[in-house]
>>> print(open('upload33.cif').read())   # mmCIF, C-alpha atoms
data_final
loop_
_atom_site.label_atom_id
_atom_site.label_comp_id
_atom_site.auth_asym_id
_atom_site.auth_seq_id
_atom_site.Cartn_x
_atom_site.Cartn_y
_atom_site.Cartn_z
CA MET A 1 0.00 0.00 0.00
CA ARG A 2 2.85 2.37 0.84
CA THR A 3 4.46 1.74 -2.56
CA LYS A 4 1.17 2.33 -4.33
CA HIS A 5 0.59 5.49 -2.33
CA PHE A 6 4.09 6.73 -3.17
CA ASN A 7 3.57 6.00 -6.88
CA LEU A 8 0.31 7.93 -6.88
CA GLN A 9 2.04 10.88 -5.21
CA LEU A 10 4.85 10.75 -7.75
CA LEU A 11 2.34 10.61 -10.60
CA PHE A 12 0.51 13.63 -9.18
CA VAL A 13 3.74 15.63 -8.89
CA LEU A 14 4.73 14.73 -12.45
CA LEU A 15 1.32 15.71 -13.80
CA CYS A 16 1.52 19.06 -12.00
CA PHE A 17 5.02 19.62 -13.35
CA CYS A 18 3.97 18.75 -16.90
CA SER A 19 0.92 20.96 -16.59
CA THR A 20 3.11 23.89 -15.53
CA VAL A 21 5.55 23.31 -18.38
CA LEU A 22 2.76 23.05 -20.93
CA SER A 23 1.12 26.17 -19.52
CA ALA A 24 4.36 28.12 -19.73
CA SER A 25 5.02 26.92 -23.25
CA ASP A 26 1.42 27.71 -24.20
CA LEU A 27 1.63 31.26 -22.87
CA THR A 28 4.92 32.11 -24.55
CA ASP A 29 3.72 30.53 -27.80
CA ARG A 30 0.60 32.69 -27.68
CA LEU A 31 2.63 35.82 -26.93
CA LYS A 32 4.88 35.06 -29.89
CA THR A 33 1.88 35.25 -32.22
CA ILE A 34 1.41 38.94 -31.40
CA GLN A 35 3.31 40.81 -34.08
CA ALA A 36 3.83 43.96 -31.99
CA ILE A 37 5.75 42.06 -29.28
CA SER A 38 9.49 42.21 -29.88
CA GLN A 39 10.78 40.60 -26.68
CA ILE A 40 9.56 37.97 -24.20
CA GLN A 41 11.73 37.40 -21.16
CA PRO A 42 10.81 35.30 -18.09
CA ILE A 43 11.61 36.96 -14.76
CA GLU A 44 11.71 35.73 -11.19
CA ASN A 45 8.49 35.97 -9.19
CA LYS A 46 6.81 34.77 -6.02
CA CYS A 47 3.20 35.73 -6.74
CA PHE A 48 2.25 34.16 -10.08
CA SER A 49 2.65 30.84 -11.85
CA GLU A 50 4.69 32.68 -14.51
CA LYS A 51 5.96 36.21 -14.98
CA TYR A 52 7.38 37.88 -18.08
CA VAL A 53 8.65 41.25 -19.17
CA ILE A 54 7.73 41.91 -22.78
CA LYS A 55 8.32 44.78 -25.16
CA PHE A 56 5.44 46.15 -27.23
CA ARG A 57 6.27 48.09 -30.38
CA HIS A 58 4.05 51.18 -30.83
CA PRO A 59 3.93 54.22 -33.10
CA VAL A 60 5.53 57.23 -31.44
CA ASP A 61 2.68 59.26 -32.93
CA TYR A 62 -0.66 57.56 -33.60
CA ASN A 63 -1.50 60.27 -36.10
CA ASP A 64 1.37 58.85 -38.15
CA PRO A 65 1.09 55.06 -37.62
CA GLU A 66 3.63 54.31 -40.34
CA GLY A 67 6.22 56.63 -38.82
CA MET A 68 8.72 56.16 -36.01
CA THR A 69 8.14 53.46 -33.40
CA PHE A 70 9.31 52.80 -29.86
CA GLU A 71 9.22 49.85 -27.47
CA GLN A 72 7.09 49.94 -24.33
CA ARG A 73 7.88 47.79 -21.31
CA VAL A 74 5.01 45.57 -20.13
CA VAL A 75 5.17 43.08 -17.27
CA ILE A 76 2.75 40.14 -17.25
CA GLY A 77 1.95 38.07 -14.17
CA HIS A 78 0.10 34.92 -15.28
CA VAL A 79 -2.48 33.10 -13.17
CA GLY A 80 -4.65 31.38 -15.75
CA PHE A 81 -6.28 31.84 -19.13
CA ASP A 82 -9.67 31.42 -17.48
CA ARG A 83 -9.06 34.15 -14.91
CA PRO A 84 -9.90 37.89 -15.14
CA THR A 85 -7.11 40.34 -15.88
CA VAL A 86 -6.06 43.51 -14.06
CA ILE A 87 -4.19 46.11 -16.10
CA VAL A 88 -2.15 48.66 -14.16
CA THR A 89 -2.15 51.96 -16.06
CA GLU A 90 1.13 53.17 -14.61
CA GLY A 91 1.76 56.90 -14.91
CA TYR A 92 5.53 56.73 -14.51
CA GLY A 93 8.33 54.18 -14.84
CA GLY A 94 7.61 50.53 -14.22
CA ALA A 95 10.91 49.10 -13.02
CA TYR A 96 9.42 48.15 -9.64
CA ALA A 97 7.12 45.63 -11.35
CA HIS A 98 10.22 43.44 -11.85
CA ASN A 99 10.39 42.85 -8.09
CA PRO A 100 9.77 39.12 -7.50
CA GLY A 101 7.27 39.93 -4.74
CA TYR A 102 5.36 42.58 -6.66
CA THR A 103 1.64 42.22 -7.19
CA GLU A 104 -1.33 44.58 -6.95
CA GLU A 105 -4.13 44.45 -4.40
CA LEU A 106 -6.91 44.02 -6.97
CA ALA A 107 -5.01 41.19 -8.68
CA GLU A 108 -4.84 39.49 -5.27
CA ILE A 109 -8.50 40.15 -4.47
CA LEU A 110 -9.64 38.71 -7.81
CA ASN A 111 -6.93 36.05 -8.22
CA ALA A 112 -6.37 37.71 -11.56
CA ASN A 113 -3.68 37.95 -14.20
CA LEU A 114 -1.69 41.18 -13.97
CA VAL A 115 -0.60 43.37 -16.90
CA HIS A 116 1.60 46.28 -15.82
CA VAL A 117 2.21 48.93 -18.51
CA GLU A 118 5.04 51.44 -18.14
CA TYR A 119 4.08 54.95 -19.31
CA ARG A 120 5.64 56.21 -22.52
CA TYR A 121 8.66 58.54 -22.17
CA PHE A 122 9.69 56.96 -18.84
CA LEU A 123 12.72 54.70 -18.31
CA GLU A 124 12.82 51.85 -20.87
CA SER A 125 9.75 53.15 -22.71
CA THR A 126 11.36 56.34 -23.98
CA PRO A 127 11.50 56.89 -27.76
CA GLU A 128 14.78 57.86 -29.41
CA PRO A 129 15.01 60.65 -30.33
CA CYS A 130 12.85 62.03 -27.52
CA ASN A 131 10.40 64.25 -29.40
CA TRP A 132 8.31 65.94 -26.70
CA GLU A 133 5.39 66.86 -28.94
CA HIS A 134 4.36 63.19 -29.06
CA LEU A 135 4.18 62.82 -25.27
CA THR A 136 0.42 63.30 -25.18
CA VAL A 137 -2.43 61.71 -23.24
CA TRP A 138 -4.01 60.63 -26.52
CA ASN A 139 -0.92 58.73 -27.61
CA SER A 140 -0.50 57.13 -24.17
CA LEU A 141 -4.10 55.88 -24.21
CA ASN A 142 -3.60 54.35 -27.63
CA ASP A 143 -0.61 52.49 -26.19
CA LEU A 144 -2.93 50.94 -23.61
CA HIS A 145 -5.61 50.21 -26.19
CA GLU A 146 -3.16 48.32 -28.39
CA VAL A 147 -1.82 46.28 -25.45
CA VAL A 148 -5.30 45.34 -24.21
CA THR A 149 -6.63 44.58 -27.67
CA ALA A 150 -3.72 42.25 -28.40
CA LEU A 151 -3.75 40.47 -25.03
CA LYS A 152 -7.52 39.90 -25.00
CA ASP A 153 -6.93 37.06 -27.46
CA ILE A 154 -4.90 35.41 -24.69
CA TYR A 155 -6.98 36.57 -21.71
CA PRO A 156 -10.62 36.62 -22.88
CA GLU A 157 -12.26 37.00 -19.46
CA LYS A 158 -13.23 40.38 -17.98
CA TRP A 159 -10.64 43.13 -17.61
CA LEU A 160 -10.25 45.72 -14.84
CA ALA A 161 -8.07 48.83 -15.15
CA THR A 162 -6.49 50.50 -12.15
CA GLY A 163 -3.81 53.09 -11.48
CA ILE A 164 -2.43 55.25 -8.68
CA SER A 165 -2.03 59.05 -8.73
CA LYS A 166 -0.89 59.94 -12.28
CA GLY A 167 -1.64 56.33 -13.13
CA GLY A 168 -5.11 56.91 -11.68
CA MET A 169 -5.52 59.89 -14.00
CA THR A 170 -4.50 57.64 -16.87
CA CYS A 171 -7.07 55.09 -15.71
CA MET A 172 -9.80 57.78 -15.82
CA PHE A 173 -8.73 59.08 -19.22
CA TYR A 174 -8.53 55.54 -20.60
CA ARG A 175 -12.12 54.83 -19.56
CA ALA A 176 -13.33 58.10 -21.06
CA TYR A 177 -11.58 57.67 -24.43
CA PHE A 178 -11.87 53.87 -24.75
CA PRO A 179 -14.96 53.09 -22.66
CA ASN A 180 -15.37 49.50 -23.86
CA ASP A 181 -11.82 48.22 -23.36
CA VAL A 182 -12.39 47.17 -19.74
CA GLU A 183 -15.35 46.15 -17.62
CA VAL A 184 -14.34 48.00 -14.43
CA SER A 185 -12.04 50.94 -13.61
CA VAL A 186 -10.58 51.69 -10.16
CA PRO A 187 -8.51 54.91 -10.06
CA TYR A 188 -6.71 55.57 -6.77
CA VAL A 189 -6.07 59.11 -5.43
CA ALA A 190 -6.45 60.54 -8.93
CA PRO A 191 -6.70 64.32 -9.41
CA LEU A 192 -8.39 65.88 -12.41
CA ASN A 193 -6.74 69.28 -12.76
CA LYS A 194 -8.06 72.05 -14.97
CA ALA A 195 -4.94 74.25 -15.20
CA PRO A 196 -1.19 74.29 -14.46
CA GLU A 197 -2.18 76.04 -11.22
CA ASP A 198 -5.58 74.54 -10.59
CA GLY A 199 -6.45 76.82 -7.66
CA ARG A 200 -8.30 74.35 -5.43
CA HIS A 201 -5.30 72.88 -3.62
CA GLU A 202 -4.22 76.13 -1.96
CA THR A 203 -7.70 76.63 -0.46
CA PHE A 204 -7.76 72.99 0.66
CA LEU A 205 -4.46 73.40 2.53
CA GLU A 206 -5.45 76.71 4.11
CA LYS A 207 -9.07 75.97 5.08
CA THR A 208 -9.99 72.28 4.82
CA VAL A 209 -7.32 69.71 5.63
CA GLY A 210 -6.97 68.62 9.27
CA THR A 211 -8.11 70.95 12.06
CA PRO A 212 -7.58 74.73 12.35
CA LYS A 213 -5.02 74.07 15.10
CA GLU A 214 -3.11 71.57 12.92
CA ARG A 215 -3.06 73.95 9.96
CA ALA A 216 -1.77 76.72 12.25
CA CYS A 217 1.06 74.44 13.42
CA ILE A 218 2.13 73.83 9.82
CA THR A 219 2.10 77.57 9.08
CA ASP A 220 4.10 78.28 12.25
CA PHE A 221 6.72 75.77 11.11
CA GLN A 222 6.96 77.45 7.70
CA ILE A 223 7.35 80.88 9.30
CA GLU A 224 10.06 79.64 11.66
CA ILE A 225 11.99 78.12 8.75
CA LEU A 226 11.77 81.49 6.95
CA LYS A 227 12.80 83.43 10.05
CA ARG A 228 15.92 81.28 10.34
CA LYS A 229 16.67 81.44 6.62
CA ASP A 230 19.94 83.35 6.88
CA ARG A 231 21.21 80.88 9.50
CA LEU A 232 20.07 77.82 7.57
CA MET A 233 21.16 78.90 4.07
CA PRO A 234 24.78 77.74 4.56
CA LEU A 235 23.44 74.25 5.36
CA PHE A 236 21.07 74.45 2.40
CA ASP A 237 23.79 75.59 -0.03
CA ALA A 238 26.19 72.92 1.23
CA LEU A 239 23.59 70.21 0.70
CA CYS A 240 22.83 71.38 -2.85
CA GLN A 241 26.52 71.57 -3.68
CA GLN A 242 27.27 68.16 -2.17
CA LYS A 243 24.40 66.53 -4.12
CA ASN A 244 25.22 68.54 -7.26
CA TYR A 245 21.66 69.78 -7.56
CA GLN A 246 21.04 72.01 -10.59
CA PHE A 247 18.29 74.65 -10.63
CA ASN A 248 16.87 77.28 -12.97
CA VAL A 249 16.82 79.89 -10.19
CA SER A 250 18.96 80.82 -7.19
CA THR A 251 19.16 78.56 -4.14
CA ARG A 252 17.59 81.33 -2.03
CA GLU A 253 14.52 81.10 -4.26
CA ILE A 254 14.59 77.30 -4.14
CA TYR A 255 14.68 77.53 -0.34
CA ASP A 256 11.44 79.53 -0.43
CA TYR A 257 9.85 77.08 -2.85
CA CYS A 258 10.72 74.24 -0.48
CA VAL A 259 8.92 76.15 2.29
CA LEU A 260 5.87 76.59 0.03
CA GLU A 261 5.92 72.90 -0.89
CA PHE A 262 6.19 71.71 2.72
CA PRO A 263 2.47 71.58 3.70
CA PHE A 264 1.48 69.84 0.45
CA ALA A 265 4.19 67.21 0.84
CA TYR A 266 3.55 66.78 4.57
CA TRP A 267 -0.17 66.13 4.24
CA GLN A 268 0.20 64.15 1.01
CA TRP A 269 2.23 61.43 2.67
CA GLY A 270 0.11 61.18 5.78
CA LYS A 271 2.54 62.73 8.25
CA LYS A 272 1.14 63.72 11.65
CA VAL A 273 1.31 67.28 12.96
CA HIS A 274 2.44 66.12 16.41
CA GLN A 275 5.67 64.94 14.74
CA LEU A 276 6.70 68.53 13.99
CA PRO A 277 9.75 69.76 15.95
CA ASP A 278 9.30 71.87 19.05
CA LEU A 279 9.96 75.30 17.54
CA ASN A 280 10.99 76.80 20.87
CA ASN A 281 13.69 74.23 21.56
CA ALA A 282 14.77 72.76 18.21
CA SER A 283 18.31 73.58 17.11
CA ASP A 284 19.04 74.92 13.65
CA GLN A 285 20.36 71.51 12.60
CA GLU A 286 17.30 69.67 13.94
CA LEU A 287 14.94 72.08 12.20
CA PHE A 288 16.92 71.91 8.96
CA ASP A 289 17.05 68.11 8.94
CA PHE A 290 13.29 67.84 9.47
CA PHE A 291 12.63 70.45 6.79
CA ILE A 292 14.78 68.69 4.17
CA GLN A 293 13.44 65.26 5.10
CA ASN A 294 9.93 66.40 4.20
CA SER A 295 10.53 68.96 1.45
CA SER A 296 13.82 68.27 -0.31
CA PRO A 297 15.23 70.73 -2.88
CA ASP A 298 15.94 67.94 -5.39
CA TYR A 299 12.22 68.08 -6.26
CA PHE A 300 12.81 71.43 -8.01
CA GLN A 301 15.52 70.24 -10.38
CA PRO A 302 14.38 70.56 -14.01
CA LEU A 303 16.52 67.73 -15.41
CA THR A 304 15.51 64.61 -13.47
CA GLY A 305 13.53 61.43 -14.04
CA ASN A 306 10.38 63.48 -13.38
CA LEU A 307 10.88 65.74 -16.39
CA SER A 308 8.36 63.80 -18.50
CA PHE A 309 5.77 64.25 -15.77
CA PHE A 310 6.37 67.98 -15.33
CA TYR A 311 6.17 68.47 -19.09
CA GLN A 312 2.79 66.72 -19.14
CA ALA A 313 1.60 68.69 -16.12
CA ALA A 314 2.41 71.93 -17.90
CA HIS A 315 0.94 70.72 -21.20
CA GLU A 316 -2.19 68.67 -20.40
CA LEU A 317 -2.44 67.24 -16.87
CA GLY A 318 -2.39 70.43 -14.82
CA TYR A 319 -0.90 70.84 -11.35
CA TYR A 320 -1.21 72.84 -8.15
CA GLY A 321 -0.13 76.34 -7.25
CA TYR A 322 1.41 78.02 -4.20
CA ASP A 323 -0.04 80.90 -2.21
CA VAL A 324 2.63 83.19 -0.76
CA LYS A 325 0.18 85.53 1.02
CA PRO A 326 -0.03 83.59 4.34
CA LEU A 327 3.77 83.80 4.65
CA LYS A 328 4.28 87.49 4.05
CA PRO A 329 6.32 89.38 5.23
CA TYR A 330 8.66 86.44 5.93
CA ILE A 331 9.10 85.09 2.42
CA GLU A 332 11.31 86.72 -0.23
CA LEU A 333 9.21 85.58 -3.20
CA ASN A 334 6.59 88.09 -4.22
CA SER A 335 4.72 85.48 -6.25
CA ALA A 336 4.98 81.82 -7.25
CA LYS A 337 2.93 82.26 -10.42
CA ASP A 338 4.05 80.15 -13.38
CA TYR A 339 6.59 78.30 -11.22
CA LEU A 340 5.81 75.01 -12.99
CA THR A 341 7.36 76.16 -16.27
CA HIS A 342 9.78 78.71 -14.77
CA VAL A 343 11.31 76.42 -12.14
CA MET A 344 10.49 72.82 -13.08
CA LEU A 345 11.15 72.76 -16.84
CA PRO A 346 14.41 73.28 -18.73
CA LYS A 347 14.61 76.46 -20.76
CA GLU A 348 13.88 74.74 -24.08
CA LEU A 349 10.48 73.60 -22.77
CA GLN A 350 9.44 76.74 -20.91
CA GLU A 351 7.23 77.92 -23.75
CA THR A 352 4.99 74.86 -23.30
CA SER A 353 1.33 75.89 -23.43
CA PHE A 354 -1.52 74.23 -21.58
CA SER A 355 -4.55 72.61 -23.22
CA ASN A 356 -7.61 71.71 -21.14
CA LYS A 357 -9.03 69.49 -23.88
CA VAL A 358 -8.44 66.23 -21.98
CA TYR A 359 -9.84 67.72 -18.77
CA LYS A 360 -13.04 68.91 -20.48
CA TYR A 361 -13.53 65.67 -22.39
CA THR A 362 -13.13 63.54 -19.26
CA VAL A 363 -15.43 65.74 -17.15
CA ASN A 364 -18.08 65.60 -19.86
CA TYR A 365 -17.79 61.81 -20.12
CA LEU A 366 -18.08 61.24 -16.37
CA LYS A 367 -21.06 63.57 -16.05
CA LYS A 368 -23.01 62.05 -18.94
CA ASN A 369 -22.16 58.36 -18.45
CA ASP A 370 -22.31 55.80 -15.67
CA PRO A 371 -19.51 53.25 -16.20
CA LYS A 372 -18.54 50.73 -13.54
CA MET A 373 -15.94 52.83 -11.75
CA ILE A 374 -14.78 53.09 -8.13
CA PHE A 375 -12.76 56.12 -7.03
CA ILE A 376 -10.61 55.90 -3.90
CA TYR A 377 -9.41 59.11 -2.20
CA GLY A 378 -7.68 60.05 1.06
CA GLU A 379 -9.47 62.66 3.16
CA ASN A 380 -6.28 64.58 3.99
CA ASP A 381 -4.55 64.13 0.64
CA PRO A 382 -4.18 67.57 -1.03
CA TRP A 383 -4.77 65.91 -4.41
CA THR A 384 -8.31 65.17 -3.26
CA ALA A 385 -9.03 68.91 -3.69
CA SER A 386 -9.11 68.36 -7.46
CA GLY A 387 -10.53 64.86 -7.28
CA VAL A 388 -13.72 63.69 -8.96
CA CYS A 389 -15.32 63.37 -5.52
CA THR A 390 -15.45 67.17 -5.13
CA TRP A 391 -17.78 67.92 -8.05
CA LEU A 392 -19.44 64.79 -9.45
CA ASN A 393 -22.92 63.97 -8.08
CA PHE A 394 -22.59 60.27 -7.29
CA ASP A 395 -26.16 60.15 -5.92
CA LYS A 396 -27.37 60.24 -9.52
CA LYS A 397 -25.11 57.35 -10.57
CA GLU A 398 -26.05 53.69 -10.30
CA ASN A 399 -22.60 52.26 -10.99
CA MET A 400 -20.01 54.94 -10.23
CA LYS A 401 -18.98 55.09 -6.58
CA CYS A 402 -16.52 57.20 -4.58
CA PHE A 403 -14.96 56.10 -1.28
CA LEU A 404 -13.12 58.54 0.99
CA ASP A 405 -10.56 57.07 3.36
CA PRO A 406 -11.06 58.92 6.70
CA CYS A 407 -7.86 60.83 7.56
CA GLY A 408 -6.29 59.04 4.61
CA SER A 409 -3.48 60.35 2.43
CA HIS A 410 -1.97 59.73 -1.01
CA VAL A 411 -1.27 56.14 0.06
CA SER A 412 -4.98 55.36 0.57
CA ARG A 413 -6.01 52.09 -1.05
CA ILE A 414 -8.87 49.59 -0.73
CA ASN A 415 -6.96 47.83 2.04
CA THR A 416 -6.56 51.04 4.06
CA LEU A 417 -10.31 51.75 4.14
CA PRO A 418 -12.31 51.00 7.30
CA SER A 419 -13.55 47.41 7.22
CA THR A 420 -17.16 48.31 6.35
CA LEU A 421 -16.13 50.40 3.35
CA ARG A 422 -13.45 47.91 2.33
CA ASN A 423 -15.90 45.00 2.32
CA GLU A 424 -18.39 47.08 0.32
CA VAL A 425 -15.79 47.88 -2.34
CA ILE A 426 -14.56 44.31 -2.63
CA ALA A 427 -18.08 42.88 -2.83
CA LEU A 428 -19.04 45.31 -5.58
CA ILE A 429 -15.91 44.64 -7.64
CA LYS A 430 -16.34 40.88 -7.34
CA LYS A 431 -19.97 41.19 -8.40
CA TRP A 432 -19.03 43.24 -11.46
CA MET A 433 -16.21 40.86 -12.40
CA GLU A 434 -18.14 37.59 -12.04
#
>>> encode(input="upload33.cif", output="structure tokens")
Amino acid sequence: MRTKHFNLQLLFVLLCFCSTVLSASDLTDRLKTIQAISQIQPIENKCFSEKYVIKFRHPVDYNDPEGMTFEQRVVIGHVGFDRPTVIVTEGYGGAYAHNPGYTEELAEILNANLVHVEYRYFLESTPEPCNWEHLTVWNSLNDLHEVVTALKDIYPEKWLATGISKGGMTCMFYRAYFPNDVEVSVPYVAPLNKAPEDGRHETFLEKTVGTPKERACITDFQIEILKRKDRLMPLFDALCQQKNYQFNVSTREIYDYCVLEFPFAYWQWGKKVHQLPDLNNASDQELFDFFIQNSSPDYFQPLTGNLSFFYQAAHELGYYGYDVKPLKPYIELNSAKDYLTHVMLPKELQETSFSNKVYKYTVNYLKKNDPKMIFIYGENDPWTASGVCTWLNFDKKENMKCFLDPCGSHVSRINTLPSTLRNEVIALIKKWME
């Protein structure tokens, strides 16, 4: 009996092994039939039965499909051909998707295949030469459409799109411009800005976020940093020199911009006001270290990996502004108007003009339609000020839902929601994806 039992176990193991090999061979064979795929490379993983990084060949400009092309990095985590698929509409680079332990919470919830698409003009998905006029929302959405259309032959079950922050914006735009590509869309902490300086974020920081006492503590910290500016500038200059930071304006101006950025950054990442230094007892070094830890000057360098994002913010995505009035007479800047192009972009791109076409199209789509969409926002996240939750009447929608994470920040997700809300979201998504 023991021998028979052992033989049965061995047979079971061999069948499982053969099944895995056949599945892997089947998947790669299917991927090879897609003409636009130029590379298929298996990568290490702990979350899927198989994982590959592939390269999709796309037109640089979809208005000229026979013109220049580029390769876009896509990571696929395979669960099964009979399972639903989650596509991550990344807004930036996608190198982190190579991590063996990487997955996404909705892929886990649904036991779904995962397709992670790196945004054009970031990291390995940057065309050569880098022609900025083709870095448009329209072109980026066509990238997604081509990937989904091709992979639906392999994964025919329902698809769900999701993205975080800029990726959440992409998720919204994708649903508006290609409404039938996916069954469900779940944008996380996604703003919808109407201008390079939208105008709603400053009011949010001055009158809405936290409590009046907490907001006053943040302002007091900013004022103290400005009062000590002459004492702290040697530390600031030394840091910038040591790190070889390069700016469009003087370091004294950058110092002031870091002060203006501080409350946005502090609330965005869910920091607590009680963690602020004791202004009466903190040394210059202690105050400086805390300041830089939360609002570093490297953010204001024009030539960094974020250049593609800042170009898009100035051209189509919009951004937030700074209000210097609460800090007068302590701040040297008279105004922060047009800082996005003046400070954040290199000189050759400073003439970039803004178009609100994508904003208007998406607003119109969301108002007039009722797709299966769930929006997740953090209550204390400054980006929530320009979120869909602030202007769309969800009471008139049967499908579209918005969930606000109490005291949440830019890291709010389904799994950070209170249990009642979390269970409601999960139940609804599972119902839609059945």
>>> closest_residue(input="upload33.cif", among="A:Phe122, A:Trp159, A:Phe291, A:Phe221", to="A:Lys372", atoms="only C-alpha atoms")
A:Trp159
>>> atom_distance(input="upload33.cif", atom1="atom CA of A:Val189", atom2="atom CA of A:Glu157")
26.9 Å
>>> closest_residue(input="upload33.cif", among="A:Thr416, A:Gln35, A:Asn369, A:Thr69", to="A:Ser125", atoms="all atoms listed in the file")
A:Thr69
>>> resolve_selection(input="upload33.cif", expression="the PyMOL selection byres ((chain A and resi 91) around 9)", output="list in words")
Thr89, Glu90, Tyr92, Gly93, Gly94, Val117, Glu118, Tyr119, Arg120, Phe122, Gly163, Ile164, Ser165, Lys166, Gly167, Gly168, Met169, Thr170 and Phe309 of chain A
>>> closest_residue(input="upload33.cif", among="A:Ala36, A:Cys217, A:Ile109, A:Ala314", to="A:Gln275", atoms="all atoms listed in the file")
A:Cys217
>>> residues_around(input="upload33.cif", residues="A:Glu206", least_positions_apart="6", cutoff="10 Å", atoms="only C-alpha atoms", output="PyMOL selection string")
chain A and resi 212+215-216+218-219+263+323+326
>>> resolve_selection(input="upload33.cif", expression="the PyMOL selection byres ((chain A and resi 254-259) around 8)", output="list of chain:residue names")
A:Gln222, A:Ile225, A:Leu226, A:Met233, A:Phe236, A:Phe247, A:Val249, A:Ser250, A:Thr251, A:Arg252, A:Glu253, A:Leu260, A:Glu261, A:Phe262, A:Ser295, A:Ser296, A:Pro297, A:Phe300, A:Ile331, A:Glu332, A:Leu333
>>> closest_residue(input="upload33.cif", among="A:Phe178, A:Phe394, A:Tyr52, A:Trp267", to="A:Lys368", atoms="only C-alpha atoms")
A:Phe394
>>> resolve_selection(input="upload33.cif", expression="the PyMOL selection byres ((chain A and resi 200) around 10)", output="list in words")
Asn193, Lys194, Glu197, Asp198, Gly199, His201, Glu202, Thr203, Phe204, Leu205, Tyr320, Gly321, Pro382, Trp383, Thr384, Ala385, Ser386 and Gly387 of chain A
>>> atom_distance(input="upload33.cif", atom1="atom CA of A:Ala97", atom2="atom CA of A:Asp82")
22.8 Å
>>> residues_around(input="upload33.cif", residues="A:Leu421", least_positions_apart="2", cutoff="12 Å", atoms="all atoms listed in the file", output="PyMOL selection string")
chain A and resi 374+376+401-406+413-419+423-428
>>> closest_residue(input="upload33.cif", among="A:Pro129, A:Gln241, A:Thr149, A:Glu214", to="A:Lys272", atoms="only C-alpha atoms")
A:Glu214
>>> atom_distance(input="upload33.cif", atom1="atom CA of A:Ile223", atom2="atom CA of A:Lys328")
9.0 Å
>>> closest_residue(input="upload33.cif", among="A:Ala282, A:Lys430, A:Asn364, A:Asn248", to="A:Lys347", atoms="all atoms listed in the file")
A:Asn248
>>> build_atoms(input="upload33.cif", residues="stretch 342-356 of chain A", atoms="N, CA and C atoms", output="PDB file, keeping the file's coordinate frame")
ATOM      1  N   HIS A 342       8.613  77.887 -15.070  1.00  0.00           N
ATOM      2  CA  HIS A 342       9.780  78.710 -14.770  1.00  0.00           C
ATOM      3  C   HIS A 342      10.831  77.949 -13.973  1.00  0.00           C
ATOM      4  N   VAL A 343      10.391  77.115 -13.042  1.00  0.00           N
ATOM      5  CA  VAL A 343      11.310  76.420 -12.140  1.00  0.00           C
ATOM      6  C   VAL A 343      11.513  74.961 -12.529  1.00  0.00           C
ATOM      7  N   MET A 344      10.441  74.271 -12.942  1.00  0.00           N
ATOM      8  CA  MET A 344      10.490  72.820 -13.080  1.00  0.00           C
ATOM      9  C   MET A 344      10.886  72.326 -14.472  1.00  0.00           C
ATOM     10  N   LEU A 345      10.831  73.190 -15.480  1.00  0.00           N
ATOM     11  CA  LEU A 345      11.150  72.760 -16.840  1.00  0.00           C
ATOM     12  C   LEU A 345      12.448  73.392 -17.323  1.00  0.00           C
ATOM     13  N   PRO A 346      13.218  72.668 -18.137  1.00  0.00           N
ATOM     14  CA  PRO A 346      14.410  73.280 -18.730  1.00  0.00           C
ATOM     15  C   PRO A 346      14.006  74.387 -19.703  1.00  0.00           C
ATOM     16  N   LYS A 347      14.923  75.257 -19.987  1.00  0.00           N
ATOM     17  CA  LYS A 347      14.610  76.460 -20.760  1.00  0.00           C
ATOM     18  C   LYS A 347      13.979  76.142 -22.117  1.00  0.00           C
ATOM     19  N   GLU A 348      14.410  75.043 -22.755  1.00  0.00           N
ATOM     20  CA  GLU A 348      13.880  74.740 -24.080  1.00  0.00           C
ATOM     21  C   GLU A 348      12.411  74.309 -24.059  1.00  0.00           C
ATOM     22  N   LEU A 349      11.878  74.008 -22.873  1.00  0.00           N
ATOM     23  CA  LEU A 349      10.480  73.600 -22.770  1.00  0.00           C
ATOM     24  C   LEU A 349       9.606  74.631 -22.046  1.00  0.00           C
ATOM     25  N   GLN A 350      10.172  75.766 -21.717  1.00  0.00           N
ATOM     26  CA  GLN A 350       9.440  76.740 -20.910  1.00  0.00           C
ATOM     27  C   GLN A 350       8.339  77.468 -21.673  1.00  0.00           C
ATOM     28  N   GLU A 351       8.314  77.322 -22.974  1.00  0.00           N
ATOM     29  CA  GLU A 351       7.230  77.920 -23.750  1.00  0.00           C
ATOM     30  C   GLU A 351       6.047  76.968 -23.917  1.00  0.00           C
ATOM     31  N   THR A 352       6.086  75.840 -23.223  1.00  0.00           N
ATOM     32  CA  THR A 352       4.990  74.860 -23.300  1.00  0.00           C
ATOM     33  C   THR A 352       3.674  75.520 -22.906  1.00  0.00           C
ATOM     34  N   SER A 353       2.648  75.319 -23.724  1.00  0.00           N
ATOM     35  CA  SER A 353       1.330  75.890 -23.430  1.00  0.00           C
ATOM     36  C   SER A 353       0.379  74.804 -22.971  1.00  0.00           C
ATOM     37  N   PHE A 354      -0.588  75.194 -22.168  1.00  0.00           N
ATOM     38  CA  PHE A 354      -1.520  74.230 -21.580  1.00  0.00           C
ATOM     39  C   PHE A 354      -2.790  74.117 -22.414  1.00  0.00           C
ATOM     40  N   SER A 355      -3.259  72.885 -22.569  1.00  0.00           N
ATOM     41  CA  SER A 355      -4.550  72.610 -23.220  1.00  0.00           C
ATOM     42  C   SER A 355      -5.442  71.879 -22.228  1.00  0.00           C
ATOM     43  N   ASN A 356      -6.667  72.375 -22.049  1.00  0.00           N
ATOM     44  CA  ASN A 356      -7.610  71.710 -21.140  1.00  0.00           C
ATOM     45  C   ASN A 356      -8.542  70.755 -21.869  1.00  0.00           C
TER      46      ASN A 356
END
